[in-house]
>>> print(open('work21.cif').read())   # mmCIF, N, CA and C atoms
data_run
#
loop_
_atom_site.group_PDB
_atom_site.id
_atom_site.type_symbol
_atom_site.label_atom_id
_atom_site.label_comp_id
_atom_site.auth_asym_id
_atom_site.auth_seq_id
_atom_site.Cartn_x
_atom_site.Cartn_y
_atom_site.Cartn_z
ATOM 1 N N MET M 1075 0.856 -1.198 0.000
ATOM 2 C CA MET M 1075 0.000 0.000 0.000
ATOM 3 C C MET M 1075 0.894 1.251 0.000
ATOM 4 N N ASN M 1076 0.661 2.102 -0.973
ATOM 5 C CA ASN M 1076 1.479 3.310 -1.070
ATOM 6 C C ASN M 1076 1.084 4.334 -0.016
ATOM 7 N N LEU M 1077 1.999 5.235 0.293
ATOM 8 C CA LEU M 1077 1.727 6.266 1.302
ATOM 9 C C LEU M 1077 0.624 7.189 0.812
ATOM 10 N N ARG M 1078 0.619 7.481 -0.493
ATOM 11 C CA ARG M 1078 -0.414 8.367 -1.053
ATOM 12 C C ARG M 1078 -1.795 7.723 -0.909
ATOM 13 N N THR M 1079 -1.874 6.411 -1.131
ATOM 14 C CA THR M 1079 -3.154 5.706 -0.997
ATOM 15 C C THR M 1079 -3.631 5.756 0.451
ATOM 16 N N PHE M 1080 -2.699 5.534 1.381
ATOM 17 C CA PHE M 1080 -3.040 5.576 2.800
ATOM 18 C C PHE M 1080 -3.543 6.958 3.192
ATOM 19 N N TYR M 1081 -2.886 7.993 2.669
ATOM 20 C CA TYR M 1081 -3.298 9.370 2.967
ATOM 21 C C TYR M 1081 -4.679 9.654 2.392
ATOM 22 N N ALA M 1082 -4.955 9.142 1.189
ATOM 23 C CA ALA M 1082 -6.261 9.344 0.553
ATOM 24 C C ALA M 1082 -7.356 8.686 1.386
ATOM 25 N N VAL M 1083 -7.093 7.477 1.870
ATOM 26 C CA VAL M 1083 -8.076 6.782 2.710
ATOM 27 C C VAL M 1083 -8.287 7.546 4.008
ATOM 28 N N PHE M 1084 -7.198 8.072 4.582
ATOM 29 C CA PHE M 1084 -7.290 8.826 5.831
ATOM 30 C C PHE M 1084 -8.166 10.060 5.648
ATOM 31 N N VAL M 1085 -7.975 10.777 4.542
ATOM 32 C CA VAL M 1085 -8.780 11.969 4.258
ATOM 33 C C VAL M 1085 -10.237 11.578 4.046
ATOM 34 N N LEU M 1086 -10.468 10.460 3.370
ATOM 35 C CA LEU M 1086 -11.841 9.995 3.145
ATOM 36 C C LEU M 1086 -12.531 9.705 4.468
ATOM 37 N N VAL M 1087 -11.809 9.067 5.384
ATOM 38 C CA VAL M 1087 -12.383 8.754 6.699
ATOM 39 C C VAL M 1087 -12.738 10.040 7.430
ATOM 40 N N ILE M 1088 -11.868 11.046 7.360
ATOM 41 C CA ILE M 1088 -12.139 12.322 8.030
ATOM 42 C C ILE M 1088 -13.386 12.971 7.439
ATOM 43 N N PHE M 1089 -13.520 12.900 6.109
ATOM 44 C CA PHE M 1089 -14.694 13.493 5.471
ATOM 45 C C PHE M 1089 -15.965 12.748 5.874
ATOM 46 N N CYS M 1090 -15.843 11.425 6.070
ATOM 47 C CA CYS M 1090 -17.008 10.637 6.491
ATOM 48 C C CYS M 1090 -17.428 11.040 7.900
ATOM 49 N N ILE M 1091 -16.436 11.342 8.742
ATOM 50 C CA ILE M 1091 -16.747 11.745 10.115
ATOM 51 C C ILE M 1091 -17.145 13.210 10.089
#
>>> encode(input="work21.cif", output="structure tokens")
Amino acid sequence: MNLRTFYAVFVLVIFCI
């Protein structure tokens, strides 16, 4: 898993919250 992918998922989770 690339760091950029992990960051994208992290941002998505924040937007969901």
>>> axis_aligned_box(input="work21.cif", around="stretch 1078-1090 of chain M", padding_each_side="4 Å", output="lines of an AutoDock Vina configuration file")
center_x = -8.4
center_y = 9.5
center_z = 3.4
size_x = 26.0
size_y = 16.0
size_z = 17.2
>>> select_by_dssp(input="work21.cif", residues="chain M", states="helix (DSSP H, G or I)", output="PDB file with N, CA and C atoms, keeping the file's coordinate frame")
ATOM      1  N   LEU M1077       1.999   5.235   0.293  1.00  0.00           N
ATOM      2  CA  LEU M1077       1.727   6.266   1.302  1.00  0.00           C
ATOM      3  C   LEU M1077       0.624   7.189   0.812  1.00  0.00           C
ATOM      4  N   ARG M1078       0.619   7.481  -0.493  1.00  0.00           N
ATOM      5  CA  ARG M1078      -0.414   8.367  -1.053  1.00  0.00           C
ATOM      6  C   ARG M1078      -1.795   7.723  -0.909  1.00  0.00           C
ATOM      7  N   THR M1079      -1.874   6.411  -1.131  1.00  0.00           N
ATOM      8  CA  THR M1079      -3.154   5.706  -0.997  1.00  0.00           C
ATOM      9  C   THR M1079      -3.631   5.756   0.451  1.00  0.00           C
ATOM     10  N   PHE M1080      -2.699   5.534   1.381  1.00  0.00           N
ATOM     11  CA  PHE M1080      -3.040   5.576   2.800  1.00  0.00           C
ATOM     12  C   PHE M1080      -3.543   6.958   3.192  1.00  0.00           C
ATOM     13  N   TYR M1081      -2.886   7.993   2.669  1.00  0.00           N
ATOM     14  CA  TYR M1081      -3.298   9.370   2.967  1.00  0.00           C
ATOM     15  C   TYR M1081      -4.679   9.654   2.392  1.00  0.00           C
ATOM     16  N   ALA M1082      -4.955   9.142   1.189  1.00  0.00           N
ATOM     17  CA  ALA M1082      -6.261   9.344   0.553  1.00  0.00           C
ATOM     18  C   ALA M1082      -7.356   8.686   1.386  1.00  0.00           C
ATOM     19  N   VAL M1083      -7.093   7.477   1.870  1.00  0.00           N
ATOM     20  CA  VAL M1083      -8.076   6.782   2.710  1.00  0.00           C
ATOM     21  C   VAL M1083      -8.287   7.546   4.008  1.00  0.00           C
ATOM     22  N   PHE M1084      -7.198   8.072   4.582  1.00  0.00           N
ATOM     23  CA  PHE M1084      -7.290   8.826   5.831  1.00  0.00           C
ATOM     24  C   PHE M1084      -8.166  10.060   5.648  1.00  0.00           C
ATOM     25  N   VAL M1085      -7.975  10.777   4.542  1.00  0.00           N
ATOM     26  CA  VAL M1085      -8.780  11.969   4.258  1.00  0.00           C
ATOM     27  C   VAL M1085     -10.237  11.578   4.046  1.00  0.00           C
ATOM     28  N   LEU M1086     -10.468  10.460   3.370  1.00  0.00           N
ATOM     29  CA  LEU M1086     -11.841   9.995   3.145  1.00  0.00           C
ATOM     30  C   LEU M1086     -12.531   9.705   4.468  1.00  0.00           C
ATOM     31  N   VAL M1087     -11.809   9.067   5.384  1.00  0.00           N
ATOM     32  CA  VAL M1087     -12.383   8.754   6.699  1.00  0.00           C
ATOM     33  C   VAL M1087     -12.738  10.040   7.430  1.00  0.00           C
ATOM     34  N   ILE M1088     -11.868  11.046   7.360  1.00  0.00           N
ATOM     35  CA  ILE M1088     -12.139  12.322   8.030  1.00  0.00           C
ATOM     36  C   ILE M1088     -13.386  12.971   7.439  1.00  0.00           C
ATOM     37  N   PHE M1089     -13.520  12.900   6.109  1.00  0.00           N
ATOM     38  CA  PHE M1089     -14.694  13.493   5.471  1.00  0.00           C
ATOM     39  C   PHE M1089     -15.965  12.748   5.874  1.00  0.00           C
ATOM     40  N   CYS M1090     -15.843  11.425   6.070  1.00  0.00           N
ATOM     41  CA  CYS M1090     -17.008  10.637   6.491  1.00  0.00           C
ATOM     42  C   CYS M1090     -17.428  11.040   7.900  1.00  0.00           C
TER      43      CYS M1090
END
>>> atom_distance(input="work21.cif", atom1="atom N of M:Asn1076", atom2="atom C of M:Ile1091")
23.7 Å
>>> atom_distance(input="work21.cif", atom1="atom N of M:Cys1090", atom2="atom C of M:Arg1078")
16.1 Å
